[in-house]
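The next block holds one structure in the form of structure tokens; read it before the comments.
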Amino acid sequence: MTGPVTGSATGPAAGSPVTPAPADNASPTASASVSAAVEPLDLPALIEIERRLRGLATALIDDIEDAAPHGGPAVAGGGGDTVGTLRATTRALASLITVLWFDALRAGDQLRVPPAAFPLLEAVHRLLARHDPGSDSPFGPQSRPAPEASVEAGHLPLPPGLVGVIVAPRSGPAVTAWDALATRYATGHPAPAEIIGHAGAATSTDTGEHPDVAAPAAAGTPGRQICLLDHTELFDGTVWEPVTDPRVRRLGELLWVVTVRAHPDATIAAEAGVTDQARLFAAADWQVLTVGHGRTLSALFGRPGGQALRRRLDGMGCAEFQELLRSPGAELRRRLAGPGASGAGITRLLDELSDDEIAAALRDVGGNDLPLLVDAFDEVDPHRPTVLFVHVDEAAADRVGEPGRSDGSARPEEADGTDGTRERTTDPDGTAAEAAGTGGAGRVDEWAGLPAGSAGARLARTVRRRLAPKPAARTEPARIPPDLGRSYLGRVSTLATFGSVMRDLADGRPRAAAGIVTATTTEATTALAGWRDAVGTWSVSQAPTPGQPSGPAHGQAGGQLAEPVPPGVLAGLLDGLGRTWQRLGHPLRPIGVTSGTSAGRVLPHWCAGPDGDAQSVLVVVTDPGRPTATVNPATTMNPAGGASHAGATGGASPIGAIGAIGAIGAADRPSPVGGGTAGPARTIRLSESTSAIAGSTGTIAVGGSALPAGPARAAPGTVCWEPAFAQDLAWCALDAIDRLGRPGGRSALLRVSTRPIEQSLAGIPADAEGRARRRAGVLAGGYRLRDGVTSANATGGAGAGPGSGSGGGLGPAVTLVGAGCVVADVLAAADELGAGLGRGVAVVCLTSPDLVWRALQARRGLLPGDTSILDELFPADRRGPLVTVTDGDPRTLGFLAGVHGDPVSALGAGMVVPVDVATIVGAALDLLDEIESYPA
């Protein structure tokens with residue numbers, strides 16, 4: 001600490017944690033990112049601040065309770081006892097929050113906290129705002145704010161811009177691991193110099209008039225990733241994936257502070273699972289620290305009879321210990337001494353203590369002891385991840401006096417002669433006022449700042465300036481070219497095209513590709529072989545040397561993560577890499593590639609990322625030759641969004657059509673157009689099968705796998721692509737990558753297939769204007785590949801009527817709509833139908849059913865956006881029955897019936913017959929027969 005040293009601690013206090021030996025595999029970048037100047041400890045200032053934080057947080061909770069009807073607001077994770085939970089959390093975490101903010105945190109640190117800690121965080125914010133000399137904060141000069149300033153709509157307030165420390169309360173601990181890895185990667189991959197700084201340079205702060213204030217850290221300095229969590233969260237199996245990941249073992253920027261609301265005695269810790277949890281962390285090569293017993297109880301262990309007392313406590317279970325705490329004085333002594341010879345030594349020790357001292361010692365834990373917490377944070381190893389178990393006591397603030405205070409000071413309620421309760425009064429203007437107990441006249445105003453010139457005020461001002469946010473210089477990512485000028489000929493798959501696009505970027509556009517970082521699961525490692533060869537690989541163990549590129553195309557140490565990423569980890573990793581543009585001012589463009597079989601583990605977490613500013617591209621590789629078990633991202637994205645029911649009115653979101661990544665994929669048979677071996681020519685009428693498609697609310701099953709079906713929901717800020725042809729894929733991929741790493745950008749889900757398709761079927765215009773028009777349609781969601789209008793001469797001069805084209809000819813007999821690799825089958829079916837019916841068949845190729853669905857919702861006024869794509873794809877003068885085809889969930893294209901109210905037959909996964917050319921033809925004929933049977 002800067003400022004006067006009036007109560008410094010020399011050396012670790014009794015009972016402080018012991019630091020394991022440093023790891024010998026430390027990365028040189030880790031220590032640099034977490035280093036901080038050693039400052040003296042001002043313990044009286046910490047004590048003064050902790051008192052004020054407790055009082056201010058309690059007052060905020062009181063306001064929340066008063067403003068909300070029926071006993072308090074509904075807070076995330078809370079219930080009927082929400083206010084009680086907030087009070088207990090405030091008592092348990094006040095000391096820990098005090099040490100974190102006013103001693104341990106440095107500029108650039110990112111802290112994630114549970115929602116129940118909001119009152120304490122708001123208290124920190126208000127306290128620091130009052131001690132900023134140049135602050136224009138609304139909490140600066142006044143004393144008590146109005147209740148609505150701290151309670152809005154019956155919910156806890158989120159501290160706004162908490163002095164340089166990012167508070168993300170709704171994210172799990174795993175997120176911090178991937179943020180730390182992303183920070184390490186960004187640190188070793190500087191952006192091109194000519195594009196740095198024009199988005200807002202850092203401003204200097206004059207500190208000359210405050211000689212006791214240290215200068216702030218440089219803007220954009222990477223800090224630590226700190227997560228505050230309860231030990232019960234560690235029972236979630238997903239938390240352990242980053243713990244055991246080999247990439248995380250070298251991240252010294254990572255610190256998890258695990259609070260344990262149980263006594264640190266051996267048996268109790270084992271019953272709570274803490275002992276096993278600590279062993280698992282140690283086995284994963286994490287540094288494990290524990291703040292267990294407080295200094296008062298630790299001192300008793302060192303006295304005669306103390307070791308017997310320790311063995312006695314270590315042998316107690318939780319139930320016996322709780323019963324011991326509820327026992328009166330004489331009964332407490334008898335129970336604590338226990339049977340046997342060791343009891344005599346314990347009895348002699350207890351005879352030297354009063355009943356109150358014994359009761360206070362039993363509740364003495366290190367999590368409520370400021371010097372022990374300071375020592376624990378000082379012993380964190382900066383070269384490997386650390387988990388700090390902190391035992392806290394929710395009843396700590398209810399005691400009279402406080403054992404373990406180095407200055408022997410009492411609690412605020414003892415100092416002012418009250419019992420800590422508040423007496424409600426009413427001011428003449430009708431507003432509520434409070435007085436503490438019966439001694440309100442001498443009571444300290446929690447809403448006022450700390451006394452000028454006090455140790456706490458000096459420390460608050462020092463911390464305020466040390467953590468003060470500064471506008472960081474932001475790096476603007478280089479633009480990705482909209483077209484690479486390559487022509488795609490012959491039979492090519494979209495998977496191969498994606499690989500060539502990435503390789504072309506690395507070889508021909510190295511500056512545009514400089515911010516791209518890729519990661520793949522094990523099954524998809526070959527998808528980016530060319531990219532990997534061009535840019536090299538990167539791992540956490542690398543120590544990048546400036547000016548020595550590892551890949552021929554990049555002036556950086558690799559553009560692909562060296563080791564394959566487990567499916568359960570990929571989403572979190574992309575999320576961490578995709579936030580660096582906003583968190584560090586350093587834009588990365590993360591691209592993850594996974595197989596269809598692993599997508600079921602990746603998509604739910606990727607779609608429901610914890611922070612909306614994360615931007616990434618997820619590529620899912622599907623194999624039409626076998627079923628693909630995945631989950632529908634439409635059902636996992638945007639929990640706050642409204643659900644739209646599938647059906648003829650077009651309510652279902654087609655996000656799942658990105659495979660209906662959605663469903664258990666069907667086995668596509670090669671069509672004659674696709675170059676495969678076609679079966680015998682035949683026409684299958686779907687009416688001949690027992691049940692072509694599963695019910696709208698049932699379960700789709702293929703190959704023994706099942707997916708519960710339900711209404712889909714759209715995800716703002718994410719676009720799903722499923723292009724059929726190579727050029728379409730190139731345009732979609734380049735556009736998706738270009739939108740990453742910038743304000744107003746968006747993520748993208750890109751589905752590619754291993755099935756090769758003849759590229760001449762795309763019919764890309766040769767002229768520049770026509771090519772530009774096609775590209776615009778691809779990026780808008782689709783285009784009409786065949787118009788399907790039959791001229792009047794070909795139909796014997798029949799006049800225009802329903803379904804007539806604008807030129808006087810007949811409109812299409814039926815419109816076939818395809819998405820993805822099944823478009824080849826759709827085109828072959830259109831040829832067969834046209835020859836048999838003697839009338840044109842229209843073909844619509846969708847590149848993003850997601851965007852088309854959003855356009856339909858915009859036309860109804862339910863979403864903002866442009867609706868012109870609907871008129872391009874489905875002109876009103878060429879309407880007719882629709883047959884939709886996808887290798888995913890067939891219901892994902894059912895919304896198209898709502899464009900004009902036309903009848904639709906949806907084909908896709910879950911069919912009892914394969915979705916091939918014959919099936920498409922049969923479905924179209926069935927639909928036409930059904931329409932003819934309608935009464936006039």
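By order in the structure tokens, chains are A, B, ...; within a chain, residues start at 1; ligands start at 1, following the order shown.
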So which bits of segment 782-923 of chain A end up helix (DSSP H, G or I) when you DSSP the backbone, as number ranges by chain? A: 820-837, 849-859, 868-873, 876-878, 890-900, 917-923
Taking the backbone alone, and naming residues the way the document does, which bits of segment 256-384 of chain A are strand (DSSP E or B) by DSSP, as a ChimeraX atom specification? /A:256-260,287-291,293,365
Between atom CA of Val392 of chain A and atom CA of Trp256 of chain A, what distance in Å does the model show, to one decimal?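 It comes out at 15.4 Å.
Excluding Ser753 of chain A itself and any same-chain residue fewer than 6 positions from it, the protein and nucleic acid residues within 9 Å of it, counting only C-alpha atoms, are A:Ser493, A:Thr494, A:Leu495, A:Ala496, A:Val620, A:Val621, A:Thr622, A:Asp623, A:Pro624, A:Ala724, A:Gly820, A:Cys821.
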One decimal, Å: what's the distance from atom CA of Ser354 of chain A over to atom CA of Glu331 of chain A, could you say? 13.3 Å
Closest of A:Leu46, A:Ala177, A:Ala182, A:Val257 to Pro371 of chain A - atom-to-atom distances counting only C-alpha atoms: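 Once distances to Pro371 of chain A are computed over only C-alpha atoms, the minimum belongs to A:Leu46.
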From the options A:Ser298, A:Thr892, A:Gln225, A:Thr462, which residue's atoms come nearest to Gly108 of chain A, counting only C-alpha atoms? A:Gln225
